[in-house]
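S.K.: Below is a structure I'd like to ask you about.
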Amino acid sequence: MRRLLLGSIAPVLFLGVWEMASRTGLLTLESLSRPSDIFIAWYHALLDGSLLIATYQTFEAALLGLAFAAVIGILCGTVLGLLPLVERITGPTIEALRPIPAIAFMPLALMMFGFGVTLEASIVAYACVWPILIVTVAAVRAIEPRLLDVADVLEMPFWKQMWTIILPAAFARINVGLRVAAAISLVVAVTVEIVLNPRGLGYRLTLASQELKIGLMYAQLVWLCVVGYLLNAVLRNVGTGSITLWGSAR
Amino acid sequence: MQAIRKQGVAAQPDASGVPALSIRDLSVSFGAPSAGGLTVLDHINIDVRDGEFLCIVGSSGSGKTTLLRVLAGLFRPTQGEVLFNGQPIAGPSRDRAIIFQDYSKALLPWRTVRGNVALSLEARGIPAGQQDAVIDELLAKMGLRAAKDKFPGQLSGGMQQRVQIARCLAQEPKILLMDEPFGALDAMTRQALQDEILQLAAEKQTTVVFITHDLEEAIYLGDRVAVIGGAPARIVEMIDVDLPRPRNQLTTRENSHFLAHRHRLFELLTRHQSAQHGGIGIASRNGGNG
């Protein structure tokens, strides 16, 4: 509580000075709104539902892409981590594909999927799959080989080893990759919306700036910051939560 | 000795003389021999009798652990084969449980003591509803009842090793393979676990192959002690331990036969160790005396 109070001193002071400077005419930049206007714009956008719908659209695409990337990344990463030969065969291809900016696939994805959630989610998935894949390969490699010996001696079939040994042992590390990917997913989704896709928070943001609704534009920026923070907090708790769940449930 | 251990127990149905494990002409090399590969085990031949407690001693780096991994089916020998109840070993099997020295690495840190023991039962396909009774019995036997809901990281080394033993017993193996299981434990805990494992083996007539570098431990536990030494390692000697059972930490260790065996094993091992290190051991010892 005390931390929270201390931590809020700087932003409150900053907003106060900003508001005052704007009202007294010290700040006259047209691209700068003032905190009170931003709050009012945010309040109206919240009431008429446009902000929530846009948030839903952005998150829909981001989480869909993230989920797809997680499944592909964890699956492929586990195989690559367990089978060094496969890793050696596919390694150069992966290293060649990885540096392509996901955004560069936008024209191609537009031709394939047209406007809409699929276009966005596919680009998000491409951007997110790499950190998850790389972290999973490393996590699976780092599993204590003794545990795999134990699984072998118990004659566990592969899928059972995967579920009872490999995934729980690697999960703490894979979770780090998932959180990195989650941050990327939001960035990429908003970018695709700003550049191309007429939906979601990114599109609203462009619209507000083109219509010179500066207050609304700022409100959406602050809103993005808040929901991004919340997404990370949720994923962090889901991560540690499922680790303890995995432990205590058995 | 066998007679004493099996006292009051009906004769085994497969007492027809088929060894529980038959190690035949087993050699293990790392890397191609033509390219100067390292040969670790050289033409090992051992028959492990059914119900026997066989100890294998050798200095560190002599290939003991490799041998045990081959017996478990976790490692394929370069040459020769191992027969398990007359059948060649093709891979790992629940019938041959292996207890690793590094117990902290062999337990699942995200599962409780109960969950770790349950792993064997899950692997055997025992439904969740029937697991509790088996687990409770095993935990009581291993003195782990109070630690049931603790995680391995919350337990002492001795307790962790007990968990591993309980998990191995839960797979109901025909053979226990033990790789220096008490090597990292303090003297008191080690002695307690030695007696417990002797009792467990006698109770269930389990065949045990026990690897150690501790000569006294080998003599104390074993029906026979195989000494491996040299580089590459060979069977140097096979000793029948003519000590009465049940064994006792005080009287057995004070028995004149025990001391005689200890004397003989010590001489054998030091001789082969100095041969292995090309006389360096002798040189340094002379230096110390001078």
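Ligands are numbered from 1 in the order shown, chains are lettered A, B, ... in the order of the structure tokens, and residues start at 1 in each chain.
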Report as a PyMOL selection string the set of chain B residues whose atoms approach chain A to within 10 Å, with distances computed over only C-alpha atoms.
M.R.: chain B and resi 69+72-74+91-100+102-116+118-125+149-151+168+171
S.K.: I need the residues from that last selection saved to file as a tab-separated table (two decimals), in the first residue's frame (with N, CA and C atoms), if you can.
M.R.:
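Once everything was written out, this is again01.tsv:
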```tsv
chain	number	residue	atom	x	y	z
B	69	ARG	N	23.44	-49.27	-16.01
B	69	ARG	CA	22.55	-48.71	-17.04
B	69	ARG	C	22.27	-49.74	-18.14
B	72	ALA	N	19.73	-52.05	-16.77
B	72	ALA	CA	18.40	-51.44	-16.75
B	72	ALA	C	17.80	-51.38	-18.15
B	73	GLY	N	18.65	-51.50	-19.17
B	73	GLY	CA	18.16	-51.37	-20.54
B	73	GLY	C	18.20	-49.94	-21.02
B	74	LEU	N	18.87	-49.07	-20.26
B	74	LEU	CA	18.95	-47.65	-20.64
B	74	LEU	C	20.14	-47.40	-21.56
B	91	GLY	N	15.23	-53.29	-23.95
B	91	GLY	CA	15.07	-51.89	-23.53
B	91	GLY	C	14.69	-51.85	-22.07
B	92	PRO	N	14.38	-50.65	-21.57
B	92	PRO	CA	13.99	-50.52	-20.17
B	92	PRO	C	12.69	-51.27	-19.88
B	93	SER	N	12.55	-51.69	-18.63
B	93	SER	CA	11.35	-52.43	-18.25
B	93	SER	C	11.00	-52.11	-16.80
B	94	ARG	N	9.70	-52.09	-16.51
B	94	ARG	CA	9.26	-51.86	-15.13
B	94	ARG	C	9.70	-52.99	-14.21
B	95	ASP	N	10.04	-54.16	-14.79
B	95	ASP	CA	10.49	-55.29	-13.98
B	95	ASP	C	11.85	-55.05	-13.37
B	96	ARG	N	12.59	-54.11	-13.94
B	96	ARG	CA	13.93	-53.83	-13.41
B	96	ARG	C	13.97	-52.37	-12.97
B	97	ALA	N	13.71	-52.16	-11.68
B	97	ALA	CA	13.71	-50.79	-11.15
B	97	ALA	C	15.15	-50.35	-10.93
B	98	ILE	N	15.41	-49.08	-11.18
B	98	ILE	CA	16.75	-48.57	-10.92
B	98	ILE	C	16.66	-47.40	-9.94
B	99	ILE	N	17.49	-47.48	-8.92
B	99	ILE	CA	17.55	-46.40	-7.91
B	99	ILE	C	18.84	-45.64	-8.13
B	100	PHE	N	18.68	-44.37	-8.47
B	100	PHE	CA	19.85	-43.57	-8.82
B	100	PHE	C	20.48	-42.96	-7.58
B	102	ASP	N	21.76	-39.91	-7.47
B	102	ASP	CA	21.36	-38.51	-7.34
B	102	ASP	C	19.84	-38.40	-7.19
B	103	TYR	N	19.40	-38.78	-6.01
B	103	TYR	CA	17.95	-38.84	-5.74
B	103	TYR	C	17.25	-37.52	-6.00
B	104	SER	N	17.96	-36.39	-5.73
B	104	SER	CA	17.27	-35.10	-5.89
B	104	SER	C	16.92	-34.84	-7.36
B	105	LYS	N	17.69	-35.42	-8.28
B	105	LYS	CA	17.42	-35.22	-9.69
B	105	LYS	C	16.42	-36.24	-10.22
B	106	ALA	N	16.26	-37.35	-9.50
B	106	ALA	CA	15.40	-38.41	-10.00
B	106	ALA	C	13.95	-38.24	-9.56
B	107	LEU	N	13.70	-37.27	-8.64
B	107	LEU	CA	12.33	-37.05	-8.19
B	107	LEU	C	11.72	-35.89	-8.96
B	108	LEU	N	10.40	-35.92	-9.16
B	108	LEU	CA	9.73	-34.82	-9.84
B	108	LEU	C	9.51	-33.71	-8.82
B	109	PRO	N	10.21	-32.58	-8.97
B	109	PRO	CA	10.14	-31.54	-7.93
B	109	PRO	C	8.77	-30.90	-7.80
B	110	TRP	N	7.93	-31.03	-8.85
B	110	TRP	CA	6.61	-30.38	-8.79
B	110	TRP	C	5.55	-31.31	-8.23
B	111	ARG	N	5.93	-32.52	-7.88
B	111	ARG	CA	4.97	-33.44	-7.27
B	111	ARG	C	5.33	-33.69	-5.81
B	112	THR	N	4.30	-33.94	-5.01
B	112	THR	CA	4.55	-34.26	-3.60
B	112	THR	C	5.13	-35.66	-3.49
B	113	VAL	N	5.50	-36.03	-2.28
B	113	VAL	CA	5.99	-37.39	-2.01
B	113	VAL	C	4.96	-38.40	-2.53
B	114	ARG	N	3.71	-38.16	-2.19
B	114	ARG	CA	2.65	-39.03	-2.64
B	114	ARG	C	2.61	-39.11	-4.17
B	115	GLY	N	2.69	-37.94	-4.80
B	115	GLY	CA	2.62	-37.87	-6.26
B	115	GLY	C	3.79	-38.57	-6.93
B	116	ASN	N	4.96	-38.49	-6.30
B	116	ASN	CA	6.12	-39.16	-6.87
B	116	ASN	C	5.97	-40.67	-6.83
B	118	ALA	N	3.10	-42.15	-6.74
B	118	ALA	CA	1.97	-42.45	-7.63
B	118	ALA	C	2.42	-42.59	-9.09
B	119	LEU	N	3.53	-41.95	-9.43
B	119	LEU	CA	4.03	-42.01	-10.81
B	119	LEU	C	4.16	-43.47	-11.30
B	120	SER	N	4.72	-44.31	-10.43
B	120	SER	CA	4.89	-45.72	-10.82
B	120	SER	C	3.54	-46.39	-11.03
B	121	LEU	N	2.59	-46.04	-10.16
B	121	LEU	CA	1.27	-46.67	-10.26
B	121	LEU	C	0.55	-46.20	-11.52
B	122	GLU	N	0.71	-44.91	-11.84
B	122	GLU	CA	0.12	-44.38	-13.08
B	122	GLU	C	0.71	-45.11	-14.28
B	123	ALA	N	2.03	-45.32	-14.23
B	123	ALA	CA	2.70	-46.00	-15.35
B	123	ALA	C	2.18	-47.43	-15.49
B	124	ARG	N	1.84	-48.04	-14.35
B	124	ARG	CA	1.32	-49.41	-14.41
B	124	ARG	C	-0.15	-49.44	-14.78
B	125	GLY	N	-0.76	-48.26	-14.89
B	125	GLY	CA	-2.16	-48.19	-15.30
B	125	GLY	C	-3.12	-48.52	-14.19
B	149	ASP	N	2.58	-35.20	2.04
B	149	ASP	CA	2.17	-34.05	1.23
B	149	ASP	C	3.27	-33.02	1.05
B	150	LYS	N	4.50	-33.40	1.41
B	150	LYS	CA	5.62	-32.47	1.23
B	150	LYS	C	6.21	-32.65	-0.17
B	151	PHE	N	6.90	-31.61	-0.62
B	151	PHE	CA	7.59	-31.69	-1.90
B	151	PHE	C	9.03	-32.14	-1.66
B	168	CYS	N	10.26	-46.90	-6.58
B	168	CYS	CA	10.73	-48.10	-7.27
B	168	CYS	C	9.97	-49.33	-6.80
B	171	GLN	N	6.62	-49.89	-8.41
B	171	GLN	CA	6.53	-50.48	-9.75
B	171	GLN	C	6.60	-52.00	-9.69
```
S.K.: Tell me, as a list in words, which residues lie within 7 Å of Leu41 (chain B), counting only C-alpha atoms; anything in the same chain fewer than 5 positions away does not count.
M.R.: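 After dropping sequence-adjacent residues, the list is Ser27, Val28, Gly63, Pro232, Ala233 and Arg234 of chain B.
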S.K.: Which residues are close to region 123-129 of chain A, i.e. within 6 Å by only C-alpha atoms, leaving aside same-chain residues fewer than 4 positions away? Reply as a ChimeraX atom specification.
M.R.: /A:65-66,69,73,102,133,181,185,188
S.K.: Please, could you write that set of residues out with N, CA and C atoms as a PDB file, in the first residue's frame?
M.R.:
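What landed in part-v8.pdb:
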```
ATOM      1  N   GLY A  65      -4.073 -15.494 -32.283  1.00  0.00           N
ATOM      2  CA  GLY A  65      -2.743 -15.697 -32.855  1.00  0.00           C
ATOM      3  C   GLY A  65      -1.795 -16.281 -31.834  1.00  0.00           C
ATOM      4  N   LEU A  66      -1.873 -15.766 -30.611  1.00  0.00           N
ATOM      5  CA  LEU A  66      -0.992 -16.241 -29.540  1.00  0.00           C
ATOM      6  C   LEU A  66      -1.249 -17.720 -29.238  1.00  0.00           C
ATOM      7  N   ALA A  69       0.119 -19.819 -31.996  1.00  0.00           N
ATOM      8  CA  ALA A  69       1.578 -19.839 -31.897  1.00  0.00           C
ATOM      9  C   ALA A  69       2.033 -20.716 -30.736  1.00  0.00           C
ATOM     10  N   GLY A  73       4.325 -23.700 -31.402  1.00  0.00           N
ATOM     11  CA  GLY A  73       5.654 -23.473 -30.837  1.00  0.00           C
ATOM     12  C   GLY A  73       6.028 -24.518 -29.800  1.00  0.00           C
ATOM     13  N   ALA A 102       7.315 -10.014 -39.279  1.00  0.00           N
ATOM     14  CA  ALA A 102       5.959 -10.536 -39.460  1.00  0.00           C
ATOM     15  C   ALA A 102       5.108  -9.571 -40.278  1.00  0.00           C
ATOM     16  N   LEU A 133       8.916 -21.034 -29.621  1.00  0.00           N
ATOM     17  CA  LEU A 133       9.659 -22.183 -30.150  1.00  0.00           C
ATOM     18  C   LEU A 133      11.057 -22.245 -29.544  1.00  0.00           C
ATOM     19  N   ALA A 181       5.891 -13.531 -25.776  1.00  0.00           N
ATOM     20  CA  ALA A 181       5.060 -13.599 -26.975  1.00  0.00           C
ATOM     21  C   ALA A 181       3.768 -12.807 -26.783  1.00  0.00           C
ATOM     22  N   SER A 185       2.313 -10.078 -29.204  1.00  0.00           N
ATOM     23  CA  SER A 185       1.021 -10.277 -29.871  1.00  0.00           C
ATOM     24  C   SER A 185       0.211  -8.981 -29.897  1.00  0.00           C
ATOM     25  N   VAL A 188       1.869  -6.446 -32.389  1.00  0.00           N
ATOM     26  CA  VAL A 188       1.646  -6.796 -33.794  1.00  0.00           C
ATOM     27  C   VAL A 188       0.183  -6.580 -34.179  1.00  0.00           C
TER      28      VAL A 188
END
```
S.K.: I'd like the contact shell of region 213-220 of chain B - 8 Å cut-off, only C-alpha atoms, skipping same-chain residues fewer than 2 positions apart - returned as an MDAnalysis selection string.
M.R.: chainID B and resid 55:60 180 210:211 222:225 241 247 252:253 258 261:262 265:266
S.K.: Take the residues that were just selected and, keeping C-alpha atoms, output them as a PDB file, in the first residue's frame.
M.R.:
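Resulting contents of out.pdb:
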```pdb
ATOM      1  CA  CYS B  55      27.170 -56.150  -4.800  1.00  0.00           C
ATOM      2  CA  ILE B  56      29.549 -54.776  -7.371  1.00  0.00           C
ATOM      3  CA  VAL B  57      32.491 -52.735  -6.113  1.00  0.00           C
ATOM      4  CA  GLY B  58      35.020 -50.777  -8.064  1.00  0.00           C
ATOM      5  CA  SER B  59      36.826 -47.500  -7.845  1.00  0.00           C
ATOM      6  CA  SER B  60      35.176 -44.403  -9.250  1.00  0.00           C
ATOM      7  CA  GLU B 180      25.547 -46.125  -5.145  1.00  0.00           C
ATOM      8  CA  PHE B 210      23.898 -53.045  -5.727  1.00  0.00           C
ATOM      9  CA  ILE B 211      26.758 -50.876  -6.900  1.00  0.00           C
ATOM     10  CA  GLY B 222      25.876 -58.825  -0.332  1.00  0.00           C
ATOM     11  CA  ASP B 223      25.486 -62.539  -0.780  1.00  0.00           C
ATOM     12  CA  ARG B 224      28.325 -62.145  -3.222  1.00  0.00           C
ATOM     13  CA  VAL B 225      30.625 -59.270  -4.060  1.00  0.00           C
ATOM     14  CA  VAL B 241      30.154 -63.608   1.584  1.00  0.00           C
ATOM     15  CA  ARG B 247      23.021 -58.991   9.395  1.00  0.00           C
ATOM     16  CA  THR B 252      28.410 -58.497  11.439  1.00  0.00           C
ATOM     17  CA  ARG B 253      30.986 -55.794  11.048  1.00  0.00           C
ATOM     18  CA  PHE B 258      33.882 -59.677   7.565  1.00  0.00           C
ATOM     19  CA  HIS B 261      36.834 -60.073   3.275  1.00  0.00           C
ATOM     20  CA  ARG B 262      37.496 -56.404   3.826  1.00  0.00           C
ATOM     21  CA  LEU B 265      38.887 -56.581  -1.191  1.00  0.00           C
ATOM     22  CA  PHE B 266      41.004 -53.636  -0.119  1.00  0.00           C
TER      23      PHE B 266
END
```
S.K.: Could you check the closest approach to Ser256 (chain B) for each of B:Ala187, B:Val134, B:Ala140, B:Leu243 and tell me which residue wins, using only C-alpha atoms?
M.R.: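 Closest candidate: B:Leu243.
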S.K.: Please measure the separation of CA of Ile44 (chain B) and CA of Ala226 (chain B), giving the value in Å to one decimal.
M.R.: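 Here the two named atoms are 10.8 Å from each other.
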